[in-house]
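Peer 1: Sharing coords-v8.csv (CSV, C-alpha atoms (C1' of nucleotides)) below.
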```csv
chain,number,residue,atom,x,y,z
A,1,MET,CA,-1.0,-2.5,0.9
A,2,PRO,CA,-0.8,-0.4,3.3
A,3,GLU,CA,-1.6,3.1,2.2
A,4,LEU,CA,-0.7,6.3,4.1
A,5,PRO,CA,-2.7,5.5,7.3
A,6,GLU,CA,-1.4,2.0,7.6
A,7,VAL,CA,2.2,3.0,7.1
A,8,GLU,CA,1.7,5.8,9.6
A,9,THR,CA,0.2,3.4,12.1
A,10,VAL,CA,3.3,1.1,11.7
A,11,ARG,CA,5.5,4.1,12.1
A,12,ARG,CA,3.9,5.2,15.3
A,13,GLY,CA,4.1,1.6,16.7
A,14,LEU,CA,7.7,1.1,15.8
A,15,SER,CA,8.7,4.5,17.2
A,16,GLU,CA,7.5,3.3,20.6
A,17,LEU,CA,9.1,-0.1,20.3
A,18,ILE,CA,12.6,0.1,18.6
A,19,ILE,CA,14.1,3.6,19.0
A,20,GLY,CA,17.3,3.4,21.0
A,21,LYS,CA,17.7,-0.3,20.4
A,22,GLN,CA,20.9,-1.8,18.9
A,23,ILE,CA,20.6,-4.1,16.0
A,24,LEU,CA,22.5,-7.4,16.5
A,25,SER,CA,21.6,-9.3,13.4
A,26,ALA,CA,19.8,-9.0,10.0
A,27,THR,CA,19.2,-11.8,7.6
A,28,SER,CA,17.2,-12.6,4.5
A,29,ASP,CA,16.8,-15.5,2.1
A,30,THR,CA,15.1,-13.3,-0.4
A,31,PRO,CA,17.5,-10.9,-2.2
A,32,LYS,CA,14.6,-9.3,-4.0
A,33,SER,CA,13.1,-8.2,-0.7
A,34,PHE,CA,16.5,-7.1,0.8
A,35,PRO,CA,19.1,-6.6,-1.9
A,36,ASN,CA,22.0,-5.4,0.3
A,37,THR,CA,25.1,-7.5,0.6
A,38,VAL,CA,26.1,-9.2,3.8
A,39,ALA,CA,29.2,-6.9,3.9
A,40,ASP,CA,27.0,-3.8,3.8
A,41,VAL,CA,24.8,-5.1,6.5
A,42,ARG,CA,27.8,-5.9,8.7
A,43,GLN,CA,29.4,-2.5,8.1
A,44,PHE,CA,26.4,-0.1,8.4
A,45,MET,CA,23.6,-2.0,10.2
A,46,ILE,CA,25.0,-4.4,12.8
A,47,ASP,CA,25.7,-2.7,16.1
A,48,ALA,CA,24.0,0.5,14.9
A,49,LYS,CA,21.2,1.9,17.0
A,50,VAL,CA,17.8,3.1,15.8
A,51,THR,CA,17.6,6.8,16.1
A,52,ALA,CA,14.2,7.6,14.4
A,53,VAL,CA,11.3,6.1,12.5
A,54,ARG,CA,9.9,8.4,9.8
A,55,ARG,CA,7.4,8.2,7.0
A,56,ARG,CA,7.2,9.8,3.5
A,57,ALA,CA,4.2,8.9,1.4
A,58,LYS,CA,3.9,5.1,1.8
A,59,VAL,CA,7.6,4.7,2.5
A,60,LEU,CA,8.9,3.9,6.0
A,61,LEU,CA,12.3,5.2,7.0
A,62,ILE,CA,14.2,3.7,10.0
A,63,ASP,CA,17.2,5.9,10.7
A,64,LEU,CA,20.4,4.4,12.2
A,65,SER,CA,23.3,5.8,14.2
A,66,SER,CA,25.6,4.8,11.3
A,67,ASP,CA,24.0,7.5,9.2
A,68,TYR,CA,22.4,4.8,7.1
A,69,SER,CA,18.7,4.2,7.0
A,70,LEU,CA,16.4,1.3,6.2
A,71,VAL,CA,14.1,2.4,3.5
A,72,ILE,CA,11.0,0.2,3.4
A,73,HIS,CA,8.0,-0.2,1.1
A,74,LEU,CA,5.3,-2.6,2.1
A,75,LYS,CA,3.6,-2.5,-1.3
A,76,MET,CA,0.6,-4.9,-1.3
A,77,THR,CA,1.2,-7.4,1.4
A,78,GLY,CA,4.2,-6.3,3.4
A,79,GLN,CA,4.2,-6.3,7.2
A,80,LEU,CA,6.7,-5.2,9.8
A,81,VAL,CA,6.0,-7.1,13.0
A,82,TYR,CA,7.9,-6.6,16.3
A,83,VAL,CA,8.1,-9.4,18.8
A,84,ASP,CA,9.5,-8.7,22.3
A,85,ALA,CA,11.5,-11.1,24.4
A,86,GLN,CA,8.6,-12.0,26.6
A,87,ALA,CA,6.5,-13.0,23.6
A,88,ARG,CA,9.3,-15.0,22.2
A,89,PHE,CA,10.2,-16.9,25.4
A,90,GLY,CA,7.3,-16.4,27.9
A,91,ALA,CA,4.2,-18.5,28.0
A,92,GLY,CA,0.7,-17.0,27.8
A,93,HIS,CA,1.8,-13.6,26.5
A,94,PRO,CA,-1.4,-11.8,25.4
A,95,ASN,CA,0.0,-11.4,21.9
A,96,ASP,CA,1.1,-14.9,21.4
A,97,SER,CA,-1.4,-16.1,18.8
A,98,LEU,CA,-0.2,-13.6,16.2
A,99,VAL,CA,3.5,-13.2,16.9
A,100,ASN,CA,4.6,-16.6,18.2
A,101,ALA,CA,4.3,-18.1,14.8
A,102,LEU,CA,7.1,-15.9,13.4
A,103,PRO,CA,9.1,-16.4,11.4
A,104,ASP,CA,6.8,-18.1,8.9
A,105,LYS,CA,6.9,-18.9,5.2
A,106,SER,CA,6.3,-15.2,4.1
A,107,THR,CA,9.1,-13.9,6.3
A,108,ARG,CA,11.6,-12.1,4.0
A,109,VAL,CA,13.9,-10.3,6.5
A,110,THR,CA,14.6,-11.1,10.2
A,111,MET,CA,16.2,-8.6,12.5
A,112,SER,CA,17.2,-8.9,16.2
A,113,PHE,CA,17.9,-6.3,18.8
A,114,ASN,CA,20.1,-6.2,21.9
A,115,ASP,CA,17.1,-6.8,24.3
A,116,GLU,CA,16.3,-10.1,22.6
A,117,SER,CA,13.3,-8.6,20.7
A,118,MET,CA,13.0,-9.2,17.0
A,119,LEU,CA,11.5,-7.4,14.0
A,120,PHE,CA,10.2,-9.4,11.0
A,121,PHE,CA,9.5,-8.1,7.5
A,122,ASN,CA,6.8,-10.4,6.1
A,123,ASP,CA,5.6,-10.2,2.6
A,124,GLN,CA,3.5,-12.8,0.9
A,125,ARG,CA,3.8,-11.4,-2.7
A,126,LYS,CA,7.4,-10.2,-2.6
A,127,PHE,CA,6.6,-6.8,-4.1
A,128,GLY,CA,7.8,-5.0,-1.1
A,129,TRP,CA,11.4,-4.3,-0.1
A,130,VAL,CA,13.9,-3.2,2.5
A,131,LYS,CA,16.9,-1.2,1.4
A,132,LEU,CA,19.9,-0.1,3.5
A,133,LEU,CA,21.0,3.3,2.1
A,134,PRO,CA,23.0,6.3,3.4
A,135,THR,CA,20.4,8.6,5.1
A,136,ALA,CA,21.6,11.6,3.1
A,137,GLU,CA,20.9,9.8,-0.2
A,138,ILE,CA,17.2,9.1,0.5
A,139,VAL,CA,16.1,12.5,-0.9
A,140,ASN,CA,17.8,11.6,-4.2
A,141,LEU,CA,15.8,8.5,-4.8
A,142,PRO,CA,13.6,8.8,-7.9
A,143,PHE,CA,10.5,8.1,-6.0
A,144,MET,CA,11.3,10.8,-3.4
A,145,GLN,CA,12.1,13.3,-6.1
A,146,LYS,CA,8.8,13.1,-7.8
A,147,VAL,CA,6.4,12.2,-4.9
A,148,GLY,CA,3.7,14.9,-4.2
A,149,PRO,CA,3.0,16.7,-0.9
A,150,GLU,CA,1.8,15.0,2.2
A,151,PRO,CA,-2.0,15.5,2.4
A,152,LEU,CA,-2.1,15.8,6.2
A,153,ASP,CA,0.7,18.4,6.2
A,154,LEU,CA,-0.8,21.4,8.1
A,155,HIS,CA,0.5,23.8,5.5
A,156,PHE,CA,-1.1,21.9,2.6
A,157,THR,CA,-4.1,23.9,1.3
A,158,ALA,CA,-7.1,23.1,-0.8
A,159,LYS,CA,-5.8,25.4,-3.5
A,160,GLN,CA,-2.4,23.6,-3.6
A,161,PHE,CA,-4.4,20.3,-3.8
A,162,ARG,CA,-6.4,21.4,-6.8
A,163,GLU,CA,-3.4,22.8,-8.6
A,164,ARG,CA,-1.5,19.5,-8.3
A,165,PHE,CA,-4.1,17.9,-10.6
A,166,THR,CA,-3.8,20.3,-13.6
A,167,ARG,CA,-1.1,18.2,-15.1
A,168,ARG,CA,-3.5,15.2,-15.2
A,169,ALA,CA,-6.5,17.0,-16.7
A,170,ARG,CA,-7.2,14.5,-19.4
A,171,THR,CA,-7.4,11.4,-17.3
A,172,ASN,CA,-10.1,10.3,-14.8
A,173,ILE,CA,-10.0,11.4,-11.2
A,174,LYS,CA,-9.4,7.9,-9.8
A,175,ALA,CA,-6.2,7.5,-11.8
A,176,ALA,CA,-5.1,11.0,-10.9
A,177,ILE,CA,-5.7,10.7,-7.2
A,178,LEU,CA,-3.8,7.3,-7.1
A,179,ASP,CA,-0.8,9.0,-8.8
A,180,GLN,CA,1.7,9.5,-6.0
A,181,SER,CA,3.3,12.4,-7.8
A,182,VAL,CA,0.0,14.3,-7.5
A,183,VAL,CA,-0.6,13.8,-3.8
A,184,ALA,CA,1.3,11.3,-1.6
A,185,GLY,CA,-0.2,8.3,0.1
A,186,VAL,CA,-3.7,7.8,-1.4
A,187,GLY,CA,-4.3,4.2,-2.5
A,188,ASN,CA,-7.3,2.2,-3.6
A,189,ILE,CA,-9.3,2.2,-0.4
A,190,TYR,CA,-9.0,5.9,0.4
A,191,ALA,CA,-9.5,6.9,-3.2
A,192,ASP,CA,-12.9,5.2,-3.2
A,193,GLU,CA,-13.8,6.4,0.2
A,194,SER,CA,-12.9,10.1,-0.4
A,195,LEU,CA,-14.5,10.2,-3.9
A,196,TRP,CA,-17.7,8.8,-2.3
A,197,GLY,CA,-17.4,11.5,0.4
A,198,ALA,CA,-17.1,14.2,-2.2
A,199,LYS,CA,-19.8,12.7,-4.4
A,200,ILE,CA,-17.5,12.5,-7.4
A,201,HIS,CA,-17.8,9.6,-9.9
A,202,PRO,CA,-14.3,8.0,-10.2
A,203,LYS,CA,-14.5,8.1,-14.1
A,204,ARG,CA,-15.1,11.9,-14.1
A,205,LEU,CA,-12.3,13.6,-16.1
A,206,VAL,CA,-10.1,15.8,-14.0
A,207,GLY,CA,-10.7,18.7,-16.3
A,208,SER,CA,-14.4,18.6,-15.6
A,209,ILE,CA,-14.2,18.8,-11.9
A,210,THR,CA,-15.1,22.1,-10.3
A,211,ASP,CA,-13.2,24.1,-7.7
A,212,ALA,CA,-16.0,23.4,-5.2
A,213,GLU,CA,-15.7,19.7,-5.9
A,214,PHE,CA,-11.9,19.8,-5.4
A,215,GLU,CA,-12.4,21.6,-2.1
A,216,LEU,CA,-14.7,18.8,-1.0
A,217,LEU,CA,-12.3,16.1,-2.2
A,218,TYR,CA,-9.4,17.8,-0.3
A,219,THR,CA,-11.5,17.8,2.9
A,220,ASP,CA,-12.6,14.2,2.5
A,221,VAL,CA,-9.1,12.8,1.7
A,222,ARG,CA,-7.9,14.3,4.9
A,223,ALA,CA,-10.9,13.3,6.9
A,224,VAL,CA,-10.8,9.7,5.7
A,225,MET,CA,-7.1,9.4,6.4
A,226,ASN,CA,-7.3,11.0,9.8
A,227,LEU,CA,-10.2,8.7,10.8
A,228,SER,CA,-8.3,5.7,9.5
A,229,ILE,CA,-5.1,6.6,11.5
A,230,GLU,CA,-7.4,6.9,14.5
A,231,LYS,CA,-8.7,3.4,13.9
A,232,GLY,CA,-5.3,1.9,13.3
A,233,GLY,CA,-5.7,1.6,9.5
A,234,SER,CA,-7.6,-0.9,7.3
A,235,SER,CA,-7.1,-4.6,7.5
A,236,ASN,CA,-8.6,-5.7,4.3
A,237,ARG,CA,-6.6,-8.9,4.2
A,238,ASN,CA,-3.0,-9.0,5.2
A,239,TYR,CA,-2.3,-5.7,6.9
A,240,VAL,CA,-1.3,-5.7,10.6
A,241,ASN,CA,0.5,-3.1,12.7
A,242,ALA,CA,3.9,-3.3,14.4
A,243,GLU,CA,2.4,-5.5,17.1
A,244,GLY,CA,0.7,-7.9,14.7
A,245,LYS,CA,-2.7,-6.4,15.3
A,246,ARG,CA,-5.3,-5.6,12.7
A,247,GLY,CA,-6.8,-2.1,12.1
A,248,SER,CA,-10.5,-1.4,12.3
A,249,TYR,CA,-11.1,1.2,9.6
A,250,MET,CA,-12.9,-1.3,7.4
A,251,ASP,CA,-15.7,-1.3,10.0
A,252,PHE,CA,-16.2,2.4,9.2
A,253,ALA,CA,-15.8,2.2,5.4
A,254,ASN,CA,-18.8,3.6,3.4
A,255,VAL,CA,-18.2,1.9,0.0
A,256,PHE,CA,-14.9,0.0,-0.2
A,257,ARG,CA,-15.7,-3.7,-0.6
A,258,ARG,CA,-19.3,-3.0,0.2
A,259,GLU,CA,-20.8,-3.8,-3.2
A,260,GLY,CA,-24.4,-5.1,-2.9
A,261,LEU,CA,-24.9,-3.2,0.4
A,262,PRO,CA,-26.9,0.0,0.8
A,263,CYS,CA,-25.1,3.4,0.5
A,264,PRO,CA,-25.0,4.9,4.1
A,265,ARG,CA,-26.2,8.2,2.7
A,266,CYS,CA,-29.1,7.4,0.4
A,267,GLY,CA,-29.6,3.6,0.6
A,268,THR,CA,-28.9,2.9,-3.1
A,269,THR,CA,-27.1,-0.4,-3.7
A,270,ILE,CA,-23.3,0.1,-3.9
A,271,GLU,CA,-21.8,-1.1,-7.1
A,272,LYS,CA,-18.3,-2.4,-8.1
A,273,LEU,CA,-16.7,-1.4,-11.3
A,274,ARG,CA,-13.2,-1.2,-12.9
A,275,VAL,CA,-11.5,2.2,-13.2
A,276,ALA,CA,-7.8,2.8,-13.9
A,277,GLY,CA,-7.3,-1.0,-13.8
A,278,ARG,CA,-8.5,-1.1,-10.2
A,279,GLY,CA,-11.6,-2.5,-8.4
A,280,THR,CA,-13.7,0.6,-7.7
A,281,HIS,CA,-16.7,1.0,-5.4
A,282,ILE,CA,-19.4,3.7,-5.9
A,283,CYS,CA,-22.9,4.7,-5.0
A,284,PRO,CA,-24.5,5.1,-8.4
A,285,PHE,CA,-27.0,7.7,-7.1
A,286,CYS,CA,-24.5,9.9,-5.1
A,287,GLN,CA,-21.7,9.7,-7.7
A,288,VAL,CA,-22.9,10.4,-11.3
A,289,LEU,CA,-20.9,10.8,-14.5
B,1,DC,C1',5.2,14.9,-21.5
B,2,DA,C1',0.6,12.4,-20.4
B,3,DC,C1',-1.8,8.3,-20.6
B,4,DT,C1',-2.7,3.1,-20.6
B,5,DT,C1',-1.5,-1.5,-20.0
B,6,DG,C1',1.1,-5.3,-18.4
B,7,DA,C1',4.5,-7.2,-15.3
B,8,DC,C1',6.1,-8.3,-10.9
B,9,DC,C1',4.6,-12.6,-7.0
B,10,DT,C1',1.7,-15.7,-4.0
B,11,DG,C1',-2.6,-17.0,-2.4
B,12,DT,C1',-7.6,-17.3,-2.3
B,13,DC,C1',-12.0,-17.6,-4.1
B,14,DC,C1',-15.4,-18.7,-7.5
B,15,DG,C1',-17.5,-21.3,-11.3
B,16,DC,C1',-17.3,-25.4,-13.9
C,1,DT,C1',-11.7,-32.7,-5.4
C,2,DG,C1',-9.4,-30.4,-9.2
C,3,DC,C1',-8.5,-26.9,-12.5
C,4,DG,C1',-8.6,-22.4,-14.7
C,5,DG,C1',-9.2,-17.7,-14.3
C,6,DA,C1',-9.9,-13.4,-11.9
C,7,DC,C1',-8.6,-10.8,-8.4
C,8,DA,C1',-5.9,-8.6,-4.2
C,9,DG,C1',-4.2,-2.5,-0.3
C,10,DG,C1',1.4,-0.6,-5.3
C,11,DT,C1',4.6,0.9,-8.4
C,12,DC,C1',7.4,0.5,-12.7
C,13,DA,C1',8.7,-0.2,-17.4
C,14,DA,C1',7.0,-0.3,-21.6
C,15,DG,C1',3.9,0.8,-25.1
C,16,DT,C1',0.9,4.5,-27.8
```
Written as structure tokens, how would this file's structure read?

Peer 2:
Amino acid sequence: MPELPEVETVRRGLSELIIGKQILSATSDTPKSFPNTVADVRQFMIDAKVTAVRRRAKVLLIDLSSDYSLVIHLKMTGQLVYVDAQARFGAGHPNDSLVNALPDKSTRVTMSFNDESMLFFNDQRKFGWVKLLPTAEIVNLPFMQKVGPEPLDLHFTAKQFRERFTRRARTNIKAAILDQSVVAGVGNIYADESLWGAKIHPKRLVGSITDAEFELLYTDVRAVMNLSIEKGGSSNRNYVNAEGKRGSYMDFANVFRREGLPCPRCGTTIEKLRVAGRGTHICPFCQVL
DNA sequence: CACTTGACCTGTCCGC
DNA sequence: TGCGGACAGGTCAAGT
């Protein structure tokens, strides 16, 4: 899924597309994907206007004028795709190949707005979810309580970054950096990319990593995420932005899904291994145990 | 507590 | 062409 840069890309897109619009309908055939009752939807969602679109870690928050919010996690294969009235009804719209097919068999939630535009939550694997909750209760959710700091926060320092890892000293760095309670938003792609950037082997124990290496990792996590946001995220398989378009970060990836190809830094053949239960890509020359 | 593994789902790809 | 198994961007609930 969508890691921080992909969710941020969706957030930015939706901010431009749905703020101020009034929700006319919201339906789902998949209770697991959208557990709220019809009565809740009617009372707190229908006729409400979108007031803001926010993000915390990999969670997207759509605030409504009812003081409720849609809390959305895309997990592995979730998409939020907006379709405007012209794309729905007009012929030859530039977007039509991607958005005219909606809804499709992976559509889990369908919403419509007062300008005849629509928003679809699609999710092939059904791991993701949309939940309608009072805005004030979001901070009390268990995930929100324990999630770590935003790595792109201007006030987040390298020292704070390093100190977040002390609790996880006895595990490997890949497992630790994927742990959302350590730092928010890093997933499998950006874990591999940033560890390559900092020349740290993903199996290195956290306790063995030096301050200088943490400084590099801090810099690379931020650099990789900023670049990916600039490129509209990574479309490894399913990911698309709010307009149904793919991101291009994978064209700039150094190791992720590049096994068998040369390391851009030294030319050594990139290898794939398994670390923390996840497919993991390294340069065996740049990243040593 | 910290750490590891399996479960949740659907779809695709790869080897036989 | 079919079938079985591994694997896929994430998190949780169980185990130890």

Peer 1: Would you give me, as JSON lines, each residue of segment 10-40 of chain A having an atom within 10 Å of an atom of segment 54-64 of chain A, along with its shortest atom pair and that distance in Å to one decimal, using only C-alpha atoms and sorting by chain and residue number?

Peer 2:
```
{"residue": "A:Val10", "atom": "CA", "partner": "A:Leu60", "partner_atom": "CA", "distance": 8.5}
{"residue": "A:Arg11", "atom": "CA", "partner": "A:Arg54", "partner_atom": "CA", "distance": 6.6}
{"residue": "A:Arg12", "atom": "CA", "partner": "A:Arg54", "partner_atom": "CA", "distance": 8.7}
{"residue": "A:Leu14", "atom": "CA", "partner": "A:Ile62", "partner_atom": "CA", "distance": 9.1}
{"residue": "A:Ser15", "atom": "CA", "partner": "A:Arg54", "partner_atom": "CA", "distance": 8.5}
{"residue": "A:Ile18", "atom": "CA", "partner": "A:Ile62", "partner_atom": "CA", "distance": 9.5}
{"residue": "A:Ile19", "atom": "CA", "partner": "A:Ile62", "partner_atom": "CA", "distance": 9.0}
{"residue": "A:Gly20", "atom": "CA", "partner": "A:Leu64", "partner_atom": "CA", "distance": 9.4}
{"residue": "A:Lys21", "atom": "CA", "partner": "A:Leu64", "partner_atom": "CA", "distance": 9.8}
{"residue": "A:Gln22", "atom": "CA", "partner": "A:Leu64", "partner_atom": "CA", "distance": 9.1}
{"residue": "A:Ile23", "atom": "CA", "partner": "A:Leu64", "partner_atom": "CA", "distance": 9.3}
```

Peer 1: Based on all atoms listed in the file, which of the residues in chain A come within 7 Å of chain C? I want them as a ChimeraX atom specification.

Peer 2: /A:1-3,75-76,188-189

Peer 1: Distance limit 7 Å, atoms considered: only C-alpha atoms (C1' of nucleotides). Which chain A residues sit that close to chain B? Return them as a VMD selection string.

Peer 2: chain A and resid 124 to 127

Peer 1: Could you check how far atom CA of Lys203 of chain A sits from atom CA of Leu227 of chain A, in Å to one decimal?

Peer 2: 25.3 Å

Peer 1: Rounded to one decimal place, report the atom CA of Gln160 of chain A-atom CA of Thr9 of chain A distance in Å.

Peer 2: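 Taking atom CA of Gln160 of chain A as the start and atom CA of Thr9 of chain A as the end point, the length is 25.7 Å.
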
Peer 1: Could you tell me how far atom CA of Gly279 of chain A lies from atom CA of Val186 of chain A, in Å and to one decimal?

Peer 2: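 Distance between the two atoms: 14.7 Å.
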
Peer 1: Considering only C-alpha atoms, state which residue in the set A:Arg88, A:His73, A:Lys231, A:Arg108 is at the smallest distance from Trp129 of chain A.

Peer 2: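 Between A:Arg88, A:His73, A:Lys231, A:Arg108, the residue approaching Trp129 of chain A most closely is A:His73.
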
Peer 1: Contacts of Phe121 of chain A at 8 Å or less, counting only C-alpha atoms (C1' of nucleotides), minus same-chain residues fewer than 3 places along, as a ChimeraX atom specification?

Peer 2: /A:78-81,107-110

Peer 1: Skipping near chain neighbours, those fewer than 6 positions away, what residues fall within 9 Å of Ala175 of chain A using all atoms listed in the file, listed as a list in words?

Peer 2: Arg168, Pro202, Lys203, Val275, Ala276 and Gly277 of chain A
